[in-house]
>>> print(open('model_17.txt').read())   # compact mmCIF, C-alpha atoms
# COMPACT_ATOMS: atom_id res chain seq x y z
CA MET A 282 -38.49 22.80 3.48
CA ALA A 283 -37.12 19.36 4.31
CA ALA A 284 -37.62 18.17 7.87
CA ALA A 285 -34.58 18.62 10.12
CA PHE A 286 -32.82 15.58 11.49
CA PRO A 287 -33.47 14.98 15.21
CA ALA A 288 -30.71 16.03 17.59
CA ARG A 289 -28.01 13.47 18.31
CA PRO A 290 -28.61 11.94 21.76
CA THR A 291 -26.11 12.73 24.49
CA ILE A 292 -24.93 10.93 27.58
CA ALA A 293 -27.19 13.25 29.60
CA ASP A 294 -30.19 12.09 27.56
CA VAL A 295 -29.33 8.46 28.33
CA ALA A 296 -28.94 9.23 32.05
CA ARG A 297 -32.30 10.99 32.12
CA GLN A 298 -34.04 8.16 30.26
CA ALA A 299 -32.54 5.51 32.56
CA GLY A 300 -32.98 7.55 35.75
CA VAL A 301 -29.28 7.38 36.68
CA SER A 302 -26.34 9.77 36.79
CA THR A 303 -24.10 10.52 33.81
CA ILE A 304 -21.22 8.96 35.77
CA THR A 305 -23.14 5.69 35.90
CA VAL A 306 -23.74 5.81 32.16
CA SER A 307 -20.01 6.41 31.62
CA ARG A 308 -19.21 3.39 33.76
CA VAL A 309 -21.55 1.23 31.71
CA ILE A 310 -19.93 2.39 28.47
CA GLU A 311 -16.47 1.66 29.87
CA GLY A 312 -17.53 -1.80 31.05
CA SER A 313 -16.83 -0.98 34.69
CA ALA A 314 -17.50 -3.69 37.28
CA LYS A 315 -18.86 -1.03 39.68
CA VAL A 316 -22.31 -1.16 38.06
CA SER A 317 -24.93 -3.75 38.99
CA ASP A 318 -26.40 -6.00 36.32
CA ALA A 319 -29.85 -4.43 36.80
CA THR A 320 -28.53 -0.89 36.35
CA ARG A 321 -26.39 -1.92 33.40
CA SER A 322 -29.44 -3.45 31.71
CA LYS A 323 -31.49 -0.31 32.36
CA VAL A 324 -28.81 1.96 30.89
CA GLN A 325 -28.30 -0.30 27.88
CA SER A 326 -32.04 -0.28 27.20
CA ALA A 327 -32.06 3.53 27.31
CA MET A 328 -29.12 3.66 24.90
CA ASP A 329 -30.91 1.30 22.50
CA GLU A 330 -34.14 3.31 22.64
CA LEU A 331 -32.37 6.61 22.00
CA GLY A 332 -29.89 5.28 19.44
CA TYR A 333 -26.91 6.33 21.53
CA PHE A 334 -23.65 4.63 20.57
CA GLY A 335 -21.16 6.50 22.70
CA ASN A 336 -18.52 9.09 21.91
CA ALA A 337 -15.24 7.57 20.77
CA ALA A 338 -13.19 10.65 21.62
CA ALA A 339 -14.62 10.91 25.11
CA THR A 340 -14.27 7.18 25.78
CA HIS A 341 -10.64 7.22 24.65
CA LEU A 342 -9.95 10.25 26.86
CA VAL A 343 -11.54 8.71 29.95
CA SER A 344 -10.54 5.06 29.63
CA GLY A 345 -7.32 5.29 27.62
CA ARG A 346 -8.54 2.41 25.43
CA VAL A 347 -7.91 2.74 21.70
CA GLY A 348 -11.00 2.28 19.55
CA THR A 349 -9.81 3.77 16.27
CA ILE A 350 -6.59 3.89 14.28
CA ALA A 351 -5.88 5.89 11.14
CA VAL A 352 -4.46 4.92 7.76
CA VAL A 353 -2.79 7.62 5.66
CA THR A 354 -2.66 6.89 1.93
CA SER A 355 -2.42 8.68 -1.40
CA THR A 356 -5.16 6.53 -2.93
CA THR A 357 -7.59 3.76 -2.05
CA ALA A 358 -8.08 2.57 -5.62
CA ASP A 359 -4.85 0.94 -6.81
CA TYR A 360 -4.37 -2.75 -6.06
CA GLY A 361 -1.40 -2.51 -3.68
CA TYR A 362 -2.90 0.33 -1.67
CA ALA A 363 -6.38 -1.18 -1.46
CA THR A 364 -5.13 -4.63 -0.48
CA THR A 365 -2.79 -3.27 2.20
CA ILE A 366 -5.70 -1.27 3.65
CA ALA A 367 -7.79 -4.46 3.64
CA GLY A 368 -5.06 -6.26 5.63
CA ILE A 369 -4.97 -3.45 8.20
CA GLU A 370 -8.75 -3.25 8.47
CA GLN A 371 -9.20 -7.00 8.89
CA ARG A 372 -6.71 -7.12 11.76
CA ALA A 373 -8.22 -4.01 13.33
CA ARG A 374 -11.68 -5.60 13.36
CA GLN A 375 -10.24 -8.68 15.04
CA HIS A 376 -9.09 -6.36 17.83
CA GLY A 377 -12.39 -4.48 18.03
CA MET A 378 -11.02 -1.33 16.40
CA ALA A 379 -12.30 0.92 13.65
CA VAL A 380 -10.14 2.43 10.88
CA LEU A 381 -10.17 6.06 9.78
CA ILE A 382 -8.76 6.56 6.26
CA ALA A 383 -7.11 9.89 5.45
CA VAL A 384 -6.31 10.41 1.77
CA ILE A 385 -3.55 12.87 0.89
CA GLU A 386 -5.04 15.41 -1.50
CA GLY A 387 -2.05 16.65 -3.47
CA GLU A 388 1.72 16.74 -3.13
CA GLY A 389 2.63 20.14 -1.65
CA PRO A 390 3.34 21.16 1.96
CA GLU A 391 -0.26 22.29 2.53
CA ALA A 392 -1.60 18.88 1.46
CA ILE A 393 0.77 17.23 3.95
CA ARG A 394 -0.25 19.62 6.75
CA SER A 395 -3.93 19.08 6.00
CA THR A 396 -3.54 15.31 6.17
CA VAL A 397 -1.63 15.46 9.46
CA ARG A 398 -4.26 17.85 10.83
CA THR A 399 -7.05 15.44 9.88
CA VAL A 400 -5.38 12.53 11.64
CA ALA A 401 -4.19 14.38 14.74
CA SER A 402 -7.54 16.09 15.34
CA HIS A 403 -9.41 12.79 15.62
CA ALA A 404 -9.34 10.44 18.58
CA VAL A 405 -7.06 7.86 16.95
CA GLY A 406 -4.67 5.75 18.96
CA GLY A 407 -2.10 5.49 16.18
CA VAL A 408 -1.41 5.73 12.46
CA VAL A 409 -0.25 3.45 9.65
CA VAL A 410 1.23 5.41 6.74
CA LEU A 411 1.12 3.61 3.38
CA ASP A 412 4.54 4.95 2.47
CA PHE A 413 4.38 3.92 -1.19
CA ASP A 414 5.02 7.33 -2.79
CA PRO A 415 6.67 10.71 -2.08
CA PRO A 416 3.59 12.48 -0.59
CA ALA A 417 3.06 9.67 1.93
CA HIS A 418 6.78 9.58 2.67
CA ALA A 419 6.57 13.29 3.53
CA VAL A 420 3.79 12.63 6.04
CA VAL A 421 5.94 10.37 8.22
CA PRO A 422 8.26 13.06 9.67
CA ALA A 423 5.37 15.54 9.85
CA LEU A 424 3.31 13.46 12.30
CA PRO A 425 3.41 14.69 15.91
CA ALA A 426 5.79 12.73 18.12
CA TYR A 427 3.04 11.87 20.62
CA LEU A 428 1.11 9.91 17.98
CA PRO A 429 2.27 6.28 17.55
CA ALA A 430 2.89 5.59 13.87
CA VAL A 431 4.11 2.83 11.58
CA SER A 432 5.45 3.24 8.04
CA THR A 433 5.26 0.67 5.25
CA LYS A 434 8.66 1.62 3.91
CA GLY A 435 12.12 2.00 5.34
CA PRO A 436 14.14 5.22 5.24
CA GLY A 437 15.62 6.53 2.02
CA PRO A 438 19.33 7.15 1.48
CA ASN A 439 20.86 9.43 4.12
CA GLU A 440 17.64 9.25 6.15
CA ASP A 441 17.23 7.98 9.69
CA LEU A 442 14.58 5.44 10.64
CA LEU A 443 12.01 7.78 12.18
CA ARG A 444 9.22 5.31 12.91
CA PRO A 445 8.94 1.53 13.23
CA SER A 446 8.46 0.16 9.73
CA VAL A 447 7.42 -2.96 7.89
CA THR A 448 8.15 -3.15 4.18
CA ILE A 449 8.37 -5.41 1.16
CA ASP A 450 11.87 -5.75 -0.27
CA GLU A 451 11.16 -4.58 -3.82
CA TYR A 452 14.85 -4.49 -4.66
CA THR A 453 15.31 -8.22 -4.04
CA GLY A 454 12.17 -8.98 -6.04
CA ALA A 455 13.40 -6.95 -9.01
CA ILE A 456 16.77 -8.72 -8.93
CA GLU A 457 15.08 -12.14 -8.93
CA ALA A 458 12.87 -11.18 -11.88
CA THR A 459 15.86 -9.89 -13.86
CA GLU A 460 17.98 -12.95 -13.08
CA HIS A 461 15.10 -15.10 -14.34
CA LEU A 462 15.13 -13.24 -17.67
CA ILE A 463 18.94 -13.45 -17.89
CA SER A 464 18.81 -17.20 -17.20
CA LEU A 465 16.50 -17.56 -20.20
CA GLY A 466 19.17 -15.99 -22.40
CA HIS A 467 18.11 -12.32 -22.63
CA ARG A 468 21.12 -10.02 -23.06
CA THR A 469 19.44 -6.95 -21.58
CA VAL A 470 16.15 -5.96 -19.90
CA PHE A 471 14.24 -2.77 -20.67
CA VAL A 472 12.42 -1.05 -17.80
CA LEU A 473 9.02 0.62 -17.54
CA ALA A 474 9.53 2.37 -14.21
CA PRO A 475 7.13 3.67 -11.53
CA PRO A 476 5.71 7.18 -11.96
CA HIS A 477 7.49 8.73 -8.97
CA GLU A 478 11.18 9.39 -9.35
CA GLU A 479 12.72 8.97 -5.91
CA THR A 480 16.37 9.32 -5.00
CA ARG A 481 16.50 5.53 -4.95
CA GLU A 482 13.63 3.84 -6.75
CA ARG A 483 14.20 0.25 -5.74
CA ARG A 484 12.40 -1.70 -8.48
CA SER A 485 14.36 -0.12 -11.33
CA GLU A 486 17.54 -0.17 -9.26
CA GLY A 487 17.21 -3.92 -8.76
CA VAL A 488 16.95 -4.50 -12.51
CA GLN A 489 19.97 -2.30 -13.21
CA ASP A 490 22.11 -3.90 -10.51
CA ALA A 491 21.29 -7.41 -11.75
CA LEU A 492 22.31 -6.39 -15.27
CA ASN A 493 25.52 -4.88 -13.93
CA ALA A 494 26.31 -8.05 -11.99
CA ALA A 495 25.88 -10.07 -15.19
CA LEU A 496 28.03 -7.58 -17.16
CA LEU A 497 25.11 -6.83 -19.48
CA PRO A 498 24.28 -3.45 -21.04
CA GLN A 499 21.58 -1.09 -19.81
CA TYR A 500 19.28 1.27 -21.65
CA PRO A 501 17.58 4.40 -20.28
CA ILE A 502 14.44 3.55 -18.34
CA ILE A 503 11.01 4.84 -19.36
CA ARG A 504 9.27 6.60 -16.45
CA CYS A 505 5.51 5.88 -16.61
CA GLU A 506 3.01 8.68 -16.06
CA ASP A 507 1.01 6.58 -13.58
CA TRP A 508 0.42 2.96 -12.58
CA LYS A 509 -2.27 2.32 -15.19
CA PRO A 510 -2.29 0.12 -18.34
CA ARG A 511 -2.34 3.11 -20.68
CA SER A 512 1.04 4.22 -19.33
CA GLY A 513 2.41 0.74 -20.01
CA TYR A 514 1.00 0.86 -23.52
CA THR A 515 2.47 4.29 -24.27
CA GLY A 516 5.84 3.44 -22.73
CA THR A 517 6.14 0.21 -24.69
CA ARG A 518 5.34 1.89 -27.98
CA GLU A 519 8.04 4.43 -27.18
CA LEU A 520 10.56 1.65 -26.46
CA LEU A 521 9.72 -0.20 -29.67
CA ASP A 522 9.93 3.00 -31.74
CA ARG A 523 13.26 3.89 -30.17
CA TYR A 524 15.03 0.52 -29.91
CA GLY A 525 13.16 -1.84 -32.25
CA ASP A 526 14.52 -5.40 -32.36
CA ALA A 527 16.82 -4.78 -29.39
CA VAL A 528 13.80 -5.17 -27.12
CA THR A 529 13.42 -8.82 -26.10
CA ALA A 530 12.57 -8.49 -22.39
CA LEU A 531 10.59 -5.93 -20.44
CA ALA A 532 10.39 -5.40 -16.66
CA CYS A 533 7.29 -3.46 -15.66
CA ALA A 534 6.73 -1.42 -12.50
CA ASN A 535 3.46 -3.21 -11.76
CA ASP A 536 1.06 -5.66 -13.36
CA GLU A 537 -1.32 -3.04 -14.76
CA ILE A 538 1.56 -1.43 -16.63
CA ALA A 539 2.49 -4.93 -17.86
CA PHE A 540 -1.07 -5.47 -19.15
CA GLY A 541 -0.76 -2.31 -21.22
CA ALA A 542 2.71 -3.33 -22.42
CA ILE A 543 1.43 -6.70 -23.66
CA ARG A 544 -1.35 -5.01 -25.63
CA ALA A 545 1.17 -2.61 -27.21
CA ILE A 546 3.41 -5.53 -28.21
CA TYR A 547 0.55 -7.32 -29.96
CA ASP A 548 -0.61 -4.09 -31.62
CA ALA A 549 2.92 -3.78 -33.04
CA GLY A 550 2.52 -7.18 -34.73
CA LEU A 551 4.67 -9.01 -32.17
CA THR A 552 3.88 -11.69 -29.59
CA VAL A 553 4.47 -12.39 -25.89
CA PRO A 554 6.67 -14.27 -25.10
CA GLY A 555 7.59 -15.31 -28.66
CA ASP A 556 9.15 -11.95 -29.48
CA ILE A 557 9.26 -10.11 -26.14
CA SER A 558 9.13 -11.49 -22.59
CA VAL A 559 7.23 -9.40 -20.03
CA VAL A 560 7.52 -9.46 -16.23
CA GLY A 561 5.14 -7.59 -13.93
CA PHE A 562 5.25 -6.67 -10.27
CA ASP A 563 2.61 -7.23 -7.52
CA ASP A 564 0.72 -10.37 -8.67
CA ASP A 565 -2.59 -8.64 -9.23
CA PRO A 566 -5.41 -11.24 -9.18
CA LEU A 567 -5.88 -10.72 -12.93
CA ALA A 568 -2.25 -11.67 -13.65
CA ALA A 569 -2.99 -15.40 -13.61
CA PHE A 570 -5.88 -15.02 -16.08
CA THR A 571 -4.41 -12.87 -18.86
CA ARG A 572 -3.29 -14.52 -22.09
CA PRO A 573 -0.48 -15.23 -21.72
CA ALA A 574 -0.65 -15.51 -17.94
CA LEU A 575 1.75 -12.96 -16.50
CA THR A 576 5.06 -13.82 -14.88
CA THR A 577 5.32 -11.40 -11.96
CA VAL A 578 6.85 -10.63 -8.59
CA ARG A 579 4.31 -11.42 -5.90
CA GLN A 580 4.00 -8.82 -3.16
CA ASP A 581 1.74 -10.00 -0.34
CA PHE A 582 0.02 -6.71 0.42
CA LEU A 583 -2.58 -8.36 2.64
CA ALA A 584 0.19 -9.74 4.86
CA LEU A 585 1.92 -6.35 4.77
CA GLY A 586 -1.22 -4.66 6.08
CA SER A 587 -1.64 -7.26 8.81
CA ALA A 588 2.00 -6.92 9.84
CA ALA A 589 1.73 -3.12 9.90
CA PHE A 590 -1.28 -3.29 12.19
CA ASP A 591 0.41 -5.83 14.46
CA LEU A 592 3.45 -3.58 14.75
CA LEU A 593 1.25 -0.60 15.63
CA HIS A 594 -0.69 -2.70 18.13
CA ARG A 595 2.56 -3.65 19.88
CA MET A 596 3.40 0.03 20.09
CA LEU A 597 0.04 0.75 21.69
CA ASP A 598 0.86 -1.96 24.24
CA GLY A 599 4.09 -0.16 25.12
CA ASP A 600 6.70 -1.58 22.72
CA THR A 601 8.69 1.44 21.55
CA ALA A 602 11.49 -0.40 19.73
CA LEU A 603 12.47 1.30 16.45
CA THR A 604 12.37 -1.72 14.14
CA LEU A 605 12.46 -2.31 10.39
CA ASP A 606 10.84 -5.58 9.30
CA ARG A 607 11.44 -6.61 5.67
CA HIS A 608 9.18 -9.07 3.82
CA VAL A 609 10.73 -10.79 0.80
CA PRO A 610 8.52 -11.09 -2.32
CA ARG A 611 8.72 -14.09 -4.63
CA LEU A 612 8.79 -14.55 -8.37
CA VAL A 613 5.79 -16.34 -9.87
CA VAL A 614 6.74 -17.76 -13.27
CA ARG A 615 3.84 -18.15 -15.69
CA GLU A 616 3.56 -17.88 -19.47
CA SER A 617 4.81 -14.40 -20.40
CA THR A 618 8.54 -15.18 -20.27
CA ALA A 619 10.61 -17.46 -22.54
CA PRO A 620 14.04 -17.61 -24.20
CA PRO A 621 14.61 -14.74 -26.64
CA ASN A 622 13.66 -14.97 -30.28
CA PRO A 623 16.96 -15.64 -32.14
CA HIS A 624 15.92 -13.11 -34.81
CA ARG A 625 15.68 -10.31 -32.23
CA GLY A 626 18.02 -8.87 -29.63
CA LEU A 627 21.41 -7.22 -29.48
CA GLY A 628 23.12 -9.89 -31.59
CA ALA A 629 20.38 -10.24 -34.19
>>> encode(input="model_17.txt", output="structure tokens")
Amino acid sequence: MAAAFPARPTIADVARQAGVSTITVSRVIEGSAKVSDATRSKVQSAMDELGYFGNAAATHLVSGRVGTIAVVTSTTADYGYATTIAGIEQRARQHGMAVLIAVIEGEGPEAIRSTVRTVASHAVGGVVVLDFDPPAHAVVPALPAYLPAVSTKGPGPNEDLLRPSVTIDEYTGAIEATEHLISLGHRTVFVLAPPHEETRERRSEGVQDALNAALLPQYPIIRCEDWKPRSGYTGTRELLDRYGDAVTALACANDEIAFGAIRAIYDAGLTVPGDISVVGFDDDPLAAFTRPALTTVRQDFLALGSAAFDLLHRMLDGDTALTLDRHVPRLVVRESTAPPNPHRGLGA
């Protein structure tokens, strides 16, 4: 039988080792000025010898100081999610805080309850919800009112702003990308849309509104299965099979979908941007190094994470204002967009 791990040391063990009371140990942990330097040194030595690092829940309860915040997310793998988490975590470390990550396991009510239970049962001072998809959006109203929380997306149509929020204005970014394609001479833009179909999905809506403003026709969007290149590949093959030479410009829900779209275009015997222009969304680090380098809408997820933490930190300091802070993305023009091929398009 494998040897059992030794018992975790307690505050009583530290007090006994140092020859002081548990109250004195608590004061040392809290950084109280009521403890002499000699006693503090003795208690710290006992903690080091025993491997005692304190109890975050107990410290938070006694001192009221926040040592940990939580991040709620549907995934930690995709670029936008991972980079936003990095922005939050970097700012948290600068403030001496740890980050608990709670991943939503599923989409139903029980998955939402389980996630809220995980967060609320830990000694966290507040929560940042990466409100990038419907499951995360459902977590926001389910969080207990006593728990400070920040969302990374504003309310949907006919919804009230429930929590302070900081978001990237995807709609404006999509309009700018579409106007860029229109300025090159494209007479319509086909859309490979995000996998989740919300009441108002702002990236596709921006493309459609820009086409409407230019009095240009629209075609049905293709809803991708996920955010991965294979979905972009499959969706592009479907577009080419269905619409053929009408396809001269493609707006993709993210850069990974755009990578798959570009491969599908070449596999169909066509070129980018010679036959079809492709625009991504996010500015994944790989976007600048593909061939052709990808024109894309840059979303600064690192800055979004930092801003979300800063907003939560202000709440923890007593700022209860219900605010919505919008960050505007910017179009990065590279090599994957060009004027349309005169032998393709609606007038060809």
>>> closest_residue(input="model_17.txt", among="A:Val560, A:Ile449, A:Leu443, A:Leu567", to="A:Thr604", atoms="only C-alpha atoms")
A:Leu443
>>> closest_atom_pairs(input="model_17.txt", of="stretch 530-613 of chain A", to="stretch 343-367 of chain A", cutoff="10 Å", atoms="all atoms listed in the file", output="CSV")
residue,atom,partner,partner_atom,distance
A:Asn535,CA,A:Gly361,CA,9.5
A:Asp536,CA,A:Tyr360,CA,9.6
A:Glu537,CA,A:Tyr360,CA,9.2
A:Asp563,CA,A:Gly361,CA,7.3
A:Asp564,CA,A:Tyr360,CA,9.5
A:Asp565,CA,A:Tyr360,CA,6.9
A:Pro566,CA,A:Tyr360,CA,9.1
A:Gln580,CA,A:Gly361,CA,8.3
A:Asp581,CA,A:Thr365,CA,8.5
A:Phe582,CA,A:Thr365,CA,4.8
A:Leu583,CA,A:Thr365,CA,5.1
A:Ala584,CA,A:Thr365,CA,7.6
A:Leu585,CA,A:Thr365,CA,6.2
A:Gly586,CA,A:Thr365,CA,4.4
A:Ser587,CA,A:Thr365,CA,7.8
A:Ala588,CA,A:Thr365,CA,9.7
A:Ala589,CA,A:Thr365,CA,8.9
A:Phe590,CA,A:Ile350,CA,9.2
A:Leu593,CA,A:Ile350,CA,9.1
A:His594,CA,A:Ile350,CA,9.6
A:Leu597,CA,A:Val347,CA,8.2
>>> residues_near_point(input="model_17.txt", point="(9.3, -3.5, -6.6)", cutoff="8 Å", atoms="all atoms listed in the file", output="short mmCIF file (atom, residue, chain, number, x, y, z; two decimals) with C-alpha atoms, keeping the file's coordinate frame")
data_model
loop_
_atom_site.label_atom_id
_atom_site.label_comp_id
_atom_site.auth_asym_id
_atom_site.auth_seq_id
_atom_site.Cartn_x
_atom_site.Cartn_y
_atom_site.Cartn_z
CA ASP A 450 11.87 -5.75 -0.27
CA GLU A 451 11.16 -4.58 -3.82
CA TYR A 452 14.85 -4.49 -4.66
CA GLY A 454 12.17 -8.98 -6.04
CA ALA A 455 13.40 -6.95 -9.01
CA ARG A 483 14.20 0.25 -5.74
CA ARG A 484 12.40 -1.70 -8.48
CA SER A 485 14.36 -0.12 -11.33
CA ALA A 534 6.73 -1.42 -12.50
CA ASN A 535 3.46 -3.21 -11.76
CA PHE A 562 5.25 -6.67 -10.27
CA ASP A 563 2.61 -7.23 -7.52
CA VAL A 578 6.85 -10.63 -8.59
#
>>> atom_distance(input="model_17.txt", atom1="atom CA of A:Leu592", atom2="atom CA of A:Val431")
7.2 Å
>>> closest_residue(input="model_17.txt", among="A:Ile456, A:Val470, A:Phe540, A:Leu521", to="A:Leu612", atoms="all atoms listed in the file")
A:Ile456
>>> build_atoms(input="model_17.txt", residues="stretch 445-472 of chain A", atoms="N, CA and C atoms", output="CSV table (one decimal), keeping the file's coordinate frame")
chain,number,residue,atom,x,y,z
A,445,PRO,N,8.9,3.0,13.5
A,445,PRO,CA,8.9,1.5,13.2
A,445,PRO,C,8.3,1.3,11.9
A,446,SER,N,8.9,0.4,11.1
A,446,SER,CA,8.5,0.2,9.7
A,446,SER,C,8.4,-1.3,9.4
A,447,VAL,N,7.5,-1.6,8.5
A,447,VAL,CA,7.4,-3.0,7.9
A,447,VAL,C,7.3,-2.7,6.4
A,448,THR,N,8.1,-3.4,5.6
A,448,THR,CA,8.2,-3.2,4.2
A,448,THR,C,8.4,-4.4,3.4
A,449,ILE,N,8.1,-4.3,2.1
A,449,ILE,CA,8.4,-5.4,1.2
A,449,ILE,C,9.6,-5.0,0.4
A,450,ASP,N,10.6,-6.0,0.3
A,450,ASP,CA,11.9,-5.8,-0.3
A,450,ASP,C,11.8,-5.8,-1.8
A,451,GLU,N,11.3,-4.7,-2.4
A,451,GLU,CA,11.2,-4.6,-3.8
A,451,GLU,C,12.5,-4.8,-4.6
A,452,TYR,N,13.5,-4.4,-4.0
A,452,TYR,CA,14.8,-4.5,-4.7
A,452,TYR,C,15.2,-6.0,-4.9
A,453,THR,N,15.0,-6.8,-3.9
A,453,THR,CA,15.3,-8.2,-4.0
A,453,THR,C,14.4,-8.9,-5.1
A,454,GLY,N,13.1,-8.4,-5.1
A,454,GLY,CA,12.2,-9.0,-6.0
A,454,GLY,C,12.5,-8.6,-7.5
A,455,ALA,N,13.0,-7.4,-7.7
A,455,ALA,CA,13.4,-7.0,-9.0
A,455,ALA,C,14.6,-7.7,-9.5
A,456,ILE,N,15.6,-7.9,-8.6
A,456,ILE,CA,16.8,-8.7,-8.9
A,456,ILE,C,16.4,-10.1,-9.4
A,457,GLU,N,15.5,-10.8,-8.6
A,457,GLU,CA,15.1,-12.1,-8.9
A,457,GLU,C,14.4,-12.2,-10.3
A,458,ALA,N,13.5,-11.2,-10.6
A,458,ALA,CA,12.9,-11.2,-11.9
A,458,ALA,C,13.9,-11.0,-13.0
A,459,THR,N,14.9,-10.1,-12.8
A,459,THR,CA,15.9,-9.9,-13.9
A,459,THR,C,16.8,-11.1,-14.1
A,460,GLU,N,17.2,-11.7,-13.0
A,460,GLU,CA,18.0,-13.0,-13.1
A,460,GLU,C,17.2,-14.1,-13.8
A,461,HIS,N,15.9,-14.1,-13.6
A,461,HIS,CA,15.1,-15.1,-14.3
A,461,HIS,C,15.2,-14.8,-15.8
A,462,LEU,N,15.1,-13.6,-16.2
A,462,LEU,CA,15.1,-13.2,-17.7
A,462,LEU,C,16.5,-13.5,-18.2
A,463,ILE,N,17.6,-13.2,-17.4
A,463,ILE,CA,18.9,-13.4,-17.9
A,463,ILE,C,19.2,-15.0,-18.1
A,464,SER,N,18.6,-15.7,-17.1
A,464,SER,CA,18.8,-17.2,-17.2
A,464,SER,C,18.2,-17.8,-18.4
A,465,LEU,N,17.1,-17.1,-19.0
A,465,LEU,CA,16.5,-17.6,-20.2
A,465,LEU,C,17.3,-17.2,-21.4
A,466,GLY,N,18.3,-16.3,-21.3
A,466,GLY,CA,19.2,-16.0,-22.4
A,466,GLY,C,19.1,-14.6,-22.9
A,467,HIS,N,18.3,-13.7,-22.2
A,467,HIS,CA,18.1,-12.3,-22.6
A,467,HIS,C,19.4,-11.6,-22.3
A,468,ARG,N,19.8,-10.7,-23.2
A,468,ARG,CA,21.1,-10.0,-23.1
A,468,ARG,C,21.0,-8.6,-22.5
A,469,THR,N,19.7,-8.2,-22.3
A,469,THR,CA,19.4,-7.0,-21.6
A,469,THR,C,18.0,-7.0,-21.2
A,470,VAL,N,17.6,-6.1,-20.3
A,470,VAL,CA,16.2,-6.0,-19.9
A,470,VAL,C,15.8,-4.5,-19.9
A,471,PHE,N,14.7,-4.1,-20.6
A,471,PHE,CA,14.2,-2.8,-20.7
A,471,PHE,C,13.3,-2.6,-19.5
A,472,VAL,N,13.2,-1.3,-19.0
A,472,VAL,CA,12.4,-1.0,-17.8
A,472,VAL,C,11.3,0.0,-18.0
